[in-house]
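Visitor: Pasting coords.txt below, which is compact mmCIF, C-alpha atoms and all ligand atoms.
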# COMPACT_ATOMS: atom_id res chain seq x y z
CA MET S 13 -25.18 -0.27 -0.31
CA GLU S 14 -26.47 -1.61 2.98
CA THR S 15 -23.76 -3.12 5.21
CA ARG S 16 -24.87 -6.13 7.25
CA PHE S 17 -23.42 -6.40 10.75
CA VAL S 18 -23.09 -9.91 12.24
CA THR S 19 -21.42 -11.11 15.42
CA CYS S 20 -19.19 -14.20 15.45
CA MET S 21 -16.84 -14.67 18.39
CA GLU S 22 -13.63 -16.68 18.01
CA SER S 23 -14.94 -19.47 20.25
CA GLU S 24 -18.37 -19.75 18.60
CA ASP S 25 -19.76 -22.11 16.01
CA LYS S 26 -18.70 -20.77 12.61
CA THR S 27 -21.85 -21.52 10.58
CA CYS S 28 -22.53 -17.80 10.86
CA LEU S 29 -19.73 -17.37 8.32
CA LYS S 30 -21.31 -19.39 5.49
CA GLU S 31 -22.99 -16.30 4.10
CA ALA S 32 -19.83 -14.22 4.48
CA GLY S 33 -17.97 -16.84 2.44
CA GLN S 34 -20.65 -16.68 -0.27
CA ILE S 35 -20.34 -12.89 -0.42
CA LEU S 36 -16.57 -13.15 -0.88
CA LYS S 37 -16.86 -15.85 -3.55
CA ALA S 38 -19.31 -13.62 -5.44
CA GLY S 39 -16.83 -10.73 -5.46
CA GLY S 40 -18.19 -8.84 -2.44
CA LEU S 41 -16.33 -7.40 0.56
CA VAL S 42 -16.45 -8.57 4.19
CA ALA S 43 -14.56 -7.03 7.13
CA PHE S 44 -13.47 -9.55 9.77
CA PRO S 45 -11.38 -9.82 12.94
CA THR S 46 -7.82 -11.16 12.97
CA GLU S 47 -5.36 -11.38 15.85
CA THR S 48 -3.67 -8.15 14.68
CA VAL S 49 -6.37 -5.68 13.53
CA TYR S 50 -9.66 -5.94 11.58
CA GLY S 51 -9.16 -6.80 7.90
CA LEU S 52 -11.21 -5.77 4.88
CA GLY S 53 -11.51 -8.97 2.87
CA GLY S 54 -12.10 -9.69 -0.81
CA ASP S 55 -11.28 -12.67 -3.05
CA ALA S 56 -7.53 -12.25 -3.65
CA LEU S 57 -7.67 -14.05 -6.99
CA ASN S 58 -10.47 -11.86 -8.37
CA PRO S 59 -9.13 -8.57 -9.79
CA SER S 60 -12.46 -6.78 -9.44
CA SER S 61 -12.63 -7.66 -5.71
CA SER S 62 -9.22 -6.10 -5.19
CA LYS S 63 -10.33 -2.99 -7.10
CA ARG S 64 -13.35 -2.76 -4.82
CA ILE S 65 -11.10 -2.95 -1.74
CA TYR S 66 -9.06 0.02 -2.98
CA GLU S 67 -12.26 1.98 -3.64
CA ALA S 68 -13.80 1.20 -0.26
CA LYS S 69 -10.65 2.28 1.60
CA GLY S 70 -9.73 5.18 -0.68
CA ARG S 71 -6.35 3.42 -0.87
CA PRO S 72 -3.78 4.34 -3.55
CA SER S 73 -3.66 1.45 -6.05
CA ASP S 74 0.15 1.11 -5.82
CA ASN S 75 -0.19 -0.07 -2.22
CA PRO S 76 -0.40 -3.88 -2.43
CA LEU S 77 -2.70 -6.12 -0.41
CA ILE S 78 -1.75 -9.00 1.89
CA VAL S 79 -3.18 -12.37 0.80
CA HIS S 80 -4.51 -14.40 3.75
CA ILE S 81 -4.51 -18.19 3.63
CA CYS S 82 -5.75 -20.79 6.13
CA LYS S 83 -3.26 -23.63 5.66
CA TRP S 84 0.41 -23.78 4.67
CA GLU S 85 -0.13 -25.95 1.55
CA ASP S 86 -2.22 -23.21 -0.04
CA ILE S 87 0.88 -21.04 -0.42
CA TYR S 88 2.07 -23.16 -3.36
CA ARG S 89 -0.66 -21.90 -5.70
CA ILE S 90 0.16 -18.24 -5.20
CA VAL S 91 3.96 -18.20 -5.09
CA SER S 92 6.36 -18.87 -7.99
CA ASP S 93 7.60 -22.45 -8.39
CA ALA S 94 10.58 -21.35 -10.54
CA PRO S 95 13.76 -23.20 -9.48
CA GLU S 96 15.59 -19.93 -8.78
CA HIS S 97 12.97 -19.12 -6.13
CA ALA S 98 13.15 -22.50 -4.35
CA ASP S 99 15.43 -21.22 -1.55
CA MET S 100 12.97 -18.47 -0.69
CA LEU S 101 10.22 -21.03 -0.19
CA VAL S 102 12.52 -23.11 2.01
CA ARG S 103 13.00 -20.07 4.24
CA ALA S 104 9.30 -19.39 4.22
CA LYS S 105 8.60 -22.93 5.41
CA LYS S 106 11.13 -22.57 8.22
CA LEU S 107 9.43 -19.39 9.40
CA ALA S 108 5.96 -20.88 8.96
CA ASP S 109 6.88 -23.87 11.14
CA VAL S 110 7.62 -21.48 14.00
CA PHE S 111 5.36 -18.43 13.48
CA TRP S 112 2.30 -19.57 11.47
CA PRO S 113 -0.50 -19.32 12.08
CA GLY S 114 0.34 -15.90 13.45
CA PRO S 115 1.12 -12.20 12.93
CA LEU S 116 3.84 -12.61 10.29
CA THR S 117 3.55 -11.63 6.60
CA MET S 118 6.10 -12.96 4.12
CA ILE S 119 6.95 -11.40 0.75
CA LEU S 120 7.66 -13.96 -1.99
CA PRO S 121 7.70 -13.99 -5.81
CA LYS S 122 4.12 -14.39 -7.03
CA SER S 123 2.64 -17.00 -9.36
CA GLU S 124 0.61 -16.19 -12.48
CA ILE S 125 -2.76 -16.60 -10.82
CA VAL S 126 -2.33 -13.65 -8.44
CA PRO S 127 -3.72 -10.61 -10.28
CA ALA S 128 -1.67 -7.43 -10.60
CA GLU S 129 -4.61 -5.62 -8.97
CA THR S 130 -3.93 -7.52 -5.71
CA THR S 131 -0.18 -6.86 -5.66
CA GLY S 132 -0.28 -3.23 -6.76
CA GLY S 133 1.47 -4.26 -9.99
CA LEU S 134 4.42 -5.93 -8.19
CA SER S 135 5.85 -9.33 -9.17
CA THR S 136 5.87 -10.32 -5.49
CA VAL S 137 3.01 -11.26 -3.19
CA ALA S 138 2.58 -10.73 0.56
CA VAL S 139 1.17 -13.84 2.32
CA ARG S 140 -0.08 -14.40 5.87
CA PHE S 141 -1.77 -17.28 7.71
CA PRO S 142 -3.60 -15.66 10.64
CA SER S 143 -4.18 -17.52 13.91
CA HIS S 144 -7.63 -16.03 14.63
CA LYS S 145 -10.18 -18.86 14.35
CA THR S 146 -12.91 -16.66 12.83
CA ALA S 147 -10.47 -15.39 10.21
CA GLN S 148 -9.36 -18.93 9.36
CA ALA S 149 -12.93 -20.17 9.00
CA LEU S 150 -13.87 -17.20 6.82
CA ILE S 151 -10.87 -17.73 4.52
CA ALA S 152 -11.79 -21.41 4.15
CA GLU S 153 -15.43 -20.53 3.32
CA ALA S 154 -14.21 -18.01 0.74
CA GLY S 155 -12.12 -20.57 -1.16
CA GLY S 156 -8.75 -20.13 0.54
CA TYR S 157 -7.36 -16.77 -0.62
CA VAL S 158 -8.57 -13.54 0.96
CA ALA S 159 -6.87 -10.22 0.22
CA ALA S 160 -7.28 -8.13 3.34
CA PRO S 161 -5.73 -4.79 4.17
CA SER S 162 -6.67 -3.19 7.47
CA ALA S 163 -10.39 -2.27 7.46
CA ASN S 164 -9.93 1.49 7.92
CA THR S 165 -10.25 4.40 5.53
CA SER S 166 -6.77 4.93 4.07
CA GLY S 167 -4.69 7.16 6.36
CA LYS S 168 -6.70 6.50 9.54
CA PRO S 169 -5.62 4.27 12.43
CA SER S 170 -6.31 0.57 11.82
CA PRO S 171 -9.48 -0.70 13.56
CA THR S 172 -9.15 -2.70 16.77
CA LEU S 173 -12.93 -2.94 17.28
CA ALA S 174 -15.82 -3.61 14.86
CA LYS S 175 -17.40 -0.25 15.75
CA TYR S 176 -14.40 1.52 14.21
CA VAL S 177 -14.76 -0.60 11.06
CA ALA S 178 -18.41 0.47 10.91
CA GLU S 179 -17.44 4.15 11.33
CA ASP S 180 -15.22 3.94 8.23
CA MET S 181 -16.94 1.29 6.11
CA ASN S 182 -20.72 1.53 6.67
CA GLY S 183 -22.43 1.72 3.27
CA ARG S 184 -19.20 0.82 1.45
CA ILE S 185 -18.93 -2.95 1.98
CA ASP S 186 -21.32 -5.91 2.13
CA MET S 187 -20.75 -7.21 5.65
CA ILE S 188 -18.90 -6.59 8.92
CA VAL S 189 -18.19 -9.60 11.15
CA ASP S 190 -17.83 -8.46 14.75
CA GLY S 191 -15.49 -10.72 16.73
CA GLY S 192 -14.86 -8.40 19.68
CA GLU S 193 -11.59 -6.64 20.44
CA VAL S 194 -8.49 -7.81 18.55
CA GLY S 195 -5.61 -9.35 20.51
CA ILE S 196 -2.43 -7.57 19.38
CA GLY S 197 -3.69 -4.23 18.10
CA LEU S 198 -0.89 -3.51 15.57
CA GLU S 199 -0.53 -4.90 12.05
CA SER S 200 1.61 -7.97 11.24
CA THR S 201 5.39 -7.94 10.91
CA ILE S 202 6.30 -7.93 7.19
CA VAL S 203 9.48 -9.75 6.16
CA ASP S 204 10.79 -9.70 2.59
CA LEU S 205 12.21 -13.13 1.70
CA THR S 206 13.12 -12.16 -1.87
CA VAL S 207 16.29 -10.40 -0.71
CA GLU S 208 19.42 -11.75 0.94
CA PRO S 209 19.58 -11.34 3.88
CA PRO S 210 15.82 -11.17 4.51
CA GLU S 211 14.59 -7.73 5.52
CA ILE S 212 11.84 -6.48 7.80
CA LEU S 213 9.71 -3.92 5.94
CA ARG S 214 7.24 -3.30 8.77
CA PRO S 215 7.90 -4.13 12.45
CA GLY S 216 5.27 -5.95 14.48
CA TYR S 217 4.73 -8.46 17.23
CA ILE S 218 7.24 -10.89 15.69
CA THR S 219 10.55 -9.09 16.19
CA ARG S 220 13.79 -9.12 14.22
CA GLU S 221 15.44 -11.10 17.00
CA MET S 222 12.74 -13.79 16.78
CA LEU S 223 13.15 -14.08 12.98
CA ALA S 224 16.95 -14.11 13.24
CA GLU S 225 16.79 -17.10 15.56
CA VAL S 226 15.25 -19.08 12.71
CA LEU S 227 16.99 -17.57 9.67
CA GLY S 228 20.29 -16.19 10.92
CA THR S 229 20.86 -12.59 9.81
CA VAL S 230 17.74 -10.49 9.27
CA GLU S 231 17.91 -6.78 8.45
CA THR S 232 15.48 -3.94 9.03
CA ASP S 233 14.46 -1.33 6.47
CA ILE S 234 16.15 1.83 7.77
CA THR S 235 13.11 3.96 7.01
CA ILE S 236 11.14 2.25 9.81
CA LEU S 237 12.26 4.59 12.58
CA SER S 238 13.61 7.56 10.67
CA ASP S 239 12.53 9.79 7.80
CA LYS S 240 16.06 11.15 7.38
CA SER S 241 17.53 8.51 5.05
CA GLY S 242 16.19 10.12 1.87
CA GLN S 243 15.09 6.61 0.82
CA ALA S 244 11.57 5.40 0.11
CA PRO S 245 10.27 2.63 2.38
CA LYS S 246 10.38 -0.75 0.63
CA ALA S 247 6.80 -1.68 1.54
CA PRO S 248 4.90 0.73 -0.73
CA GLY S 249 2.24 1.36 1.90
CA MET S 250 4.75 2.56 4.49
CA LYS S 251 5.44 5.76 2.54
CA TYR S 252 1.97 7.14 3.12
CA ARG S 253 1.03 9.21 6.16
CA HIS S 254 -0.74 6.59 8.14
CA TYR S 255 -2.46 5.88 11.37
CA ALA S 256 -2.96 9.60 11.71
CA PRO S 257 -5.43 11.20 14.12
CA LYS S 258 -7.29 14.36 13.01
CA GLY S 259 -5.50 16.59 15.51
CA GLU S 260 -1.81 17.45 15.68
CA LEU S 261 0.37 14.89 17.47
CA THR S 262 3.88 15.44 18.84
CA ILE S 263 6.06 12.79 20.48
CA VAL S 264 8.13 14.02 23.43
CA SER S 265 11.19 11.94 24.22
CA GLY S 266 13.50 12.10 27.25
CA ASN S 267 13.49 11.26 30.94
CA VAL S 268 10.06 11.17 32.57
CA ASP S 269 10.47 14.33 34.68
CA GLY S 270 11.65 16.36 31.70
CA VAL S 271 8.85 15.07 29.49
CA VAL S 272 6.14 15.79 32.07
CA THR S 273 7.43 19.34 32.70
CA TYR S 274 7.70 20.13 28.98
CA VAL S 275 4.30 18.69 28.09
CA ASN S 276 2.49 20.43 30.97
CA GLU S 277 4.03 23.75 29.90
CA LYS S 278 2.80 23.20 26.33
CA LEU S 279 -0.63 22.14 27.58
CA LYS S 280 -0.94 25.39 29.53
CA GLU S 281 -0.11 27.41 26.41
CA ALA S 282 -2.61 25.45 24.33
CA LYS S 283 -5.35 25.87 26.92
CA ALA S 284 -4.77 29.63 26.96
CA LEU S 285 -5.51 29.55 23.23
CA GLY S 286 -8.71 27.59 23.89
CA LYS S 287 -7.45 24.38 22.26
CA LYS S 288 -8.65 20.96 23.35
CA THR S 289 -5.65 18.89 24.45
CA GLY S 290 -4.77 15.23 24.94
CA VAL S 291 -1.84 13.18 26.23
CA ILE S 292 -0.85 9.58 25.49
CA ALA S 293 0.72 8.54 28.78
CA THR S 294 1.32 5.25 30.60
CA ASP S 295 -0.08 3.75 33.80
CA GLU S 296 3.09 4.90 35.54
CA THR S 297 2.77 8.56 34.42
CA ALA S 298 -0.85 9.39 33.58
CA ALA S 299 -1.53 11.14 36.91
CA PHE S 300 1.17 13.77 36.24
CA TYR S 301 -0.41 15.46 33.19
CA GLN S 302 -2.92 18.32 33.06
CA ALA S 303 -4.64 17.81 29.70
CA ASP S 304 -8.36 17.74 28.82
CA ALA S 305 -7.96 14.05 28.04
CA VAL S 306 -5.10 12.01 29.52
CA LYS S 307 -5.12 8.42 28.26
CA SER S 308 -2.92 5.66 29.50
CA ALA S 309 -1.76 3.42 26.67
CA GLY S 310 -0.83 0.71 29.15
CA LYS S 311 2.13 -0.28 31.22
CA ARG S 312 5.54 1.06 30.31
CA SER S 313 6.91 -2.18 31.77
CA ASP S 314 4.77 -4.22 29.32
CA GLU S 315 4.71 -2.69 25.85
CA LEU S 316 2.31 -5.31 24.54
CA THR S 317 -0.38 -3.45 26.47
CA VAL S 318 0.65 -0.25 24.67
CA ALA S 319 0.48 -1.95 21.26
CA LYS S 320 -3.04 -3.08 22.02
CA ARG S 321 -4.35 0.36 23.11
CA LEU S 322 -2.53 2.73 20.75
CA TYR S 323 -4.95 2.81 17.79
CA THR S 324 -7.97 2.84 20.08
CA ILE S 325 -6.59 5.93 21.81
CA LEU S 326 -5.94 7.70 18.50
CA ARG S 327 -9.54 6.96 17.46
CA GLU S 328 -10.89 8.14 20.83
CA PHE S 329 -9.05 11.44 20.45
CA ASP S 330 -10.76 11.84 17.06
CA ASP S 331 -14.18 11.07 18.59
CA GLU S 332 -13.52 13.67 21.30
CA ASP S 333 -12.30 16.31 18.79
CA VAL S 334 -8.96 16.72 20.52
CA GLU S 335 -6.90 19.27 18.58
CA LEU S 336 -3.44 19.03 20.10
CA MET S 337 -1.86 15.83 21.42
CA TYR S 338 1.41 14.88 23.04
CA SER S 339 2.70 11.35 23.45
CA GLU S 340 5.50 9.87 25.47
CA ALA S 341 8.09 7.92 23.45
CA PHE S 342 8.66 4.19 23.88
CA ALA S 343 11.77 2.00 23.89
CA GLU S 344 12.68 0.92 20.38
CA ALA S 345 13.34 -2.73 21.21
CA GLY S 346 11.04 -5.71 20.82
CA ILE S 347 7.38 -4.81 20.25
CA GLY S 348 8.32 -1.23 21.26
CA GLN S 349 9.87 -0.81 17.80
CA ALA S 350 6.50 -1.49 16.18
CA VAL S 351 4.79 0.89 18.62
CA MET S 352 7.30 3.67 17.86
CA ASN S 353 7.09 3.03 14.10
CA ARG S 354 3.29 3.56 14.12
CA LEU S 355 3.49 6.46 16.57
CA LEU S 356 6.14 8.23 14.45
CA LYS S 357 3.95 7.90 11.38
CA ALA S 358 0.89 9.11 13.28
CA ALA S 359 2.92 12.14 14.36
CA GLY S 360 4.39 12.76 10.89
CA HIS S 361 7.83 12.15 12.52
CA HIS S 362 7.36 15.17 14.74
CA VAL S 363 9.54 14.44 17.80
CA ILE S 364 10.83 16.80 20.49
CA GLU S 365 13.82 15.69 22.56
CA VAL S 366 13.83 17.21 26.06
P1 LIG J 1 -2.24 -3.41 5.36
O1 LIG J 1 -2.84 -4.54 4.60
O2 LIG J 1 -3.13 -2.23 5.45
O3 LIG J 1 -1.70 -3.92 6.65
O4 LIG J 1 -1.00 -2.99 4.50
C1 LIG J 1 -0.22 -3.96 3.84
C2 LIG J 1 1.19 -3.54 3.82
O5 LIG J 1 1.94 -4.57 3.18
C3 LIG J 1 1.44 -2.26 3.07
O6 LIG J 1 2.39 -1.45 3.75
C4 LIG J 1 2.00 -2.78 1.75
O7 LIG J 1 2.81 -1.83 1.11
C5 LIG J 1 2.77 -4.01 2.19
N1 LIG J 1 2.92 -4.99 1.10
C6 LIG J 1 1.95 -5.77 0.59
N2 LIG J 1 2.42 -6.51 -0.44
C7 LIG J 1 3.72 -6.17 -0.59
C8 LIG J 1 4.76 -6.59 -1.50
N3 LIG J 1 4.55 -7.47 -2.46
N4 LIG J 1 5.98 -6.01 -1.34
C9 LIG J 1 6.20 -5.11 -0.35
N5 LIG J 1 5.27 -4.69 0.53
C10 LIG J 1 4.04 -5.21 0.41
MG MG J 2 -3.40 -0.61 6.77
As structure tokens, please, write out the structure in this file.

Guide:
Amino acid sequence: METRFVTCMESEDKTCLKEAGQILKAGGLVAFPTETVYGLGGDALNPSSSKRIYEAKGRPSDNPLIVHICKWEDIYRIVSDAPEHADMLVRAKKLADVFWPGPLTMILPKSEIVPAETTGGLSTVAVRFPSHKTAQALIAEAGGYVAAPSANTSGKPSPTLAKYVAEDMNGRIDMIVDGGEVGIGLESTIVDLTVEPPEILRPGYITREMLAEVLGTVETDITILSDKSGQAPKAPGMKYRHYAPKGELTIVSGNVDGVVTYVNEKLKEAKALGKKTGVIATDETAAFYQADAVKSAGKRSDELTVAKRLYTILREFDDEDVELMYSEAFAEAGIGQAVMNRLLKAAGHHVIEV
């Protein structure tokens, strides 16, 4: 299959998306930018489109897809209208009033029309209304319901640029819409509204504190920052090794001096063995490391910058064939929790405390 590559910036006229919409309506696949990461879209209500998404990504079919909509009212067709689920929709509306359009995914009981292929066989559906104008226009052109996991090969870091989508998806999908670099750089926060109290299954830009301000108590799946609970993560996709670079990544946690000393010692040993090394540092610390590739993820004082750079750095290390990587740890509050969650998964939970 030949993959067409078109450019459509967020601010531009959206007629360029007419054809993309036609492709989606006909059961084809189109990758597109959102404010979080690039998504790999298919018609969420067409079971064969969802099957094609799994094939293109090499994604296990028990890992459900997020359904993207482009206006609140459209949620009513895809979630259950049973009276016992009414309270969940009330909560969803409260959250939507504050956080939609935006980087928040809500889990709700599904209606009949959502195929089991889209939800990985679950009776619930994940729904998001993205704020990215190109994404919204594309969803509208496609008929309102676009299933879109991140547009990477399963297991690799999610794409923050269209060139990374092309690396993974060229020849596998019908079209890639290039909208430049994404804004946030990490996937949406997922909150499960089918349980009481609501529970965060994947941390993201919208934090627990922000959700709790609207809903009262909100819990966090304990598997998010630890693999020691013996429990499976509640979002099926979170159990897979994810976001992983090709080389071996270790997180080193502790005070800056201790971390720098430890990492430089390890880098020396690795160099003696002829291994290509890399470090994920911050603007404040990058100058202290002696690796083949030292990359600053951003400012330690502003973890949003780290969220935005993290996946790009992991991809760059792959491009540069770096074999051994060390990363500093980040504070586990606010957006830092999402950064650490992805970093821990990328490192297979390999953390050294110094
Ligand atoms: P991605 O689309 O690649 O960002 O991944 C979607 C994530 O949402 C995966 O971790 C899925 O397991 C999770 N997810 C999607 N639908 C559901 C659902 N109905 N219940 C729980 N988790 C879900
Ligand atoms: Mg993904």

Visitor: For S:Cys20, which of S:Gly133, S:Pro45, S:Gly360, S:Pro161 is the closest residue, counting all atoms listed in the file?

Guide: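 Of all the options, S:Pro45 lies closest to S:Cys20.
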
Visitor: Excluding S:Glu225 and residues on its chain fewer than 3 positions from it, collect all residues at most 12 Å away from it, counting all atoms listed in the file, and give them as a list in words.

Guide: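 Everything that qualifies: Lys106, Leu107, Val110, Phe111, Ile218, Thr219, Arg220, Glu221, Met222, Gly228, Thr229 and Val230 of chain S.
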
Visitor: In terms of the shortest atom-to-atom distance over all atoms listed in the file, which of S:Ala160, S:Val91, S:Val271, S:Ile347 is closest to ligand LIG 1 (chain J)?

Guide: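 Among S:Ala160, S:Val91, S:Val271, S:Ile347, it is S:Ala160 that comes nearest to ligand LIG 1 (chain J).
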
Visitor: Ligand LIG 1 (chain J), all listed atoms, 4 Å padding on each side: what axis-aligned box centre and edge lengths in Å to one decimal come out, as lines of an AutoDock Vina configuration file?

Guide:
center_x = 1.5
center_y = -4.5
center_z = 2.1
size_x = 17.3
size_y = 14.0
size_z = 17.1

Visitor: So which residues are near ligand LIG 1 (chain J), meaning at most 9 Å away with only C-alpha atoms and all ligand atoms counted, given back as a PyMOL selection string?

Guide: chain S and resi 49+51-52+74-79+117-122+130-139+159-164+166+170+198-200+202-204+213-214+245-252

Visitor: Kindly reconstruct stretch 306-323 of chain S with N, CA and C atoms and present the result as a compact mmCIF listing (two decimals), in the frame of the given file.

Guide:
# COMPACT_ATOMS: atom_id res chain seq x y z
N VAL S 306 -6.36 12.74 29.33
CA VAL S 306 -5.10 12.01 29.52
C VAL S 306 -5.44 10.53 29.40
N LYS S 307 -4.80 9.84 28.45
CA LYS S 307 -5.12 8.42 28.26
C LYS S 307 -3.88 7.58 28.48
N SER S 308 -4.04 6.57 29.30
CA SER S 308 -2.92 5.66 29.50
C SER S 308 -2.96 4.59 28.42
N ALA S 309 -1.83 4.44 27.72
CA ALA S 309 -1.76 3.42 26.67
C ALA S 309 -1.50 2.05 27.26
N GLY S 310 -1.13 2.00 28.54
CA GLY S 310 -0.83 0.71 29.15
C GLY S 310 0.37 0.85 30.06
N LYS S 311 0.99 -0.28 30.30
CA LYS S 311 2.13 -0.28 31.22
C LYS S 311 3.44 -0.09 30.46
N ARG S 312 4.22 0.87 30.90
CA ARG S 312 5.54 1.06 30.31
C ARG S 312 6.37 -0.22 30.44
N SER S 313 6.14 -0.94 31.53
CA SER S 313 6.91 -2.18 31.77
C SER S 313 6.41 -3.34 30.90
N ASP S 314 5.29 -3.15 30.18
CA ASP S 314 4.77 -4.22 29.32
C ASP S 314 4.22 -3.59 28.05
N GLU S 315 5.10 -3.46 27.04
CA GLU S 315 4.71 -2.69 25.85
C GLU S 315 3.67 -3.38 24.98
N LEU S 316 3.42 -4.65 25.25
CA LEU S 316 2.31 -5.31 24.54
C LEU S 316 0.99 -4.63 24.86
N THR S 317 0.86 -4.15 26.08
CA THR S 317 -0.38 -3.45 26.47
C THR S 317 -0.49 -2.14 25.70
N VAL S 318 0.65 -1.51 25.41
CA VAL S 318 0.65 -0.25 24.67
C VAL S 318 0.27 -0.51 23.21
N ALA S 319 0.82 -1.58 22.64
CA ALA S 319 0.48 -1.95 21.26
C ALA S 319 -1.03 -2.12 21.13
N LYS S 320 -1.62 -2.75 22.10
CA LYS S 320 -3.04 -3.08 22.02
C LYS S 320 -3.94 -1.84 22.12
N ARG S 321 -3.51 -0.83 22.86
CA ARG S 321 -4.35 0.36 23.11
C ARG S 321 -4.10 1.50 22.13
N LEU S 322 -2.95 1.52 21.47
CA LEU S 322 -2.53 2.73 20.75
C LEU S 322 -3.56 3.23 19.73
N TYR S 323 -4.01 2.36 18.83
CA TYR S 323 -4.95 2.81 17.79
C TYR S 323 -6.29 3.21 18.39
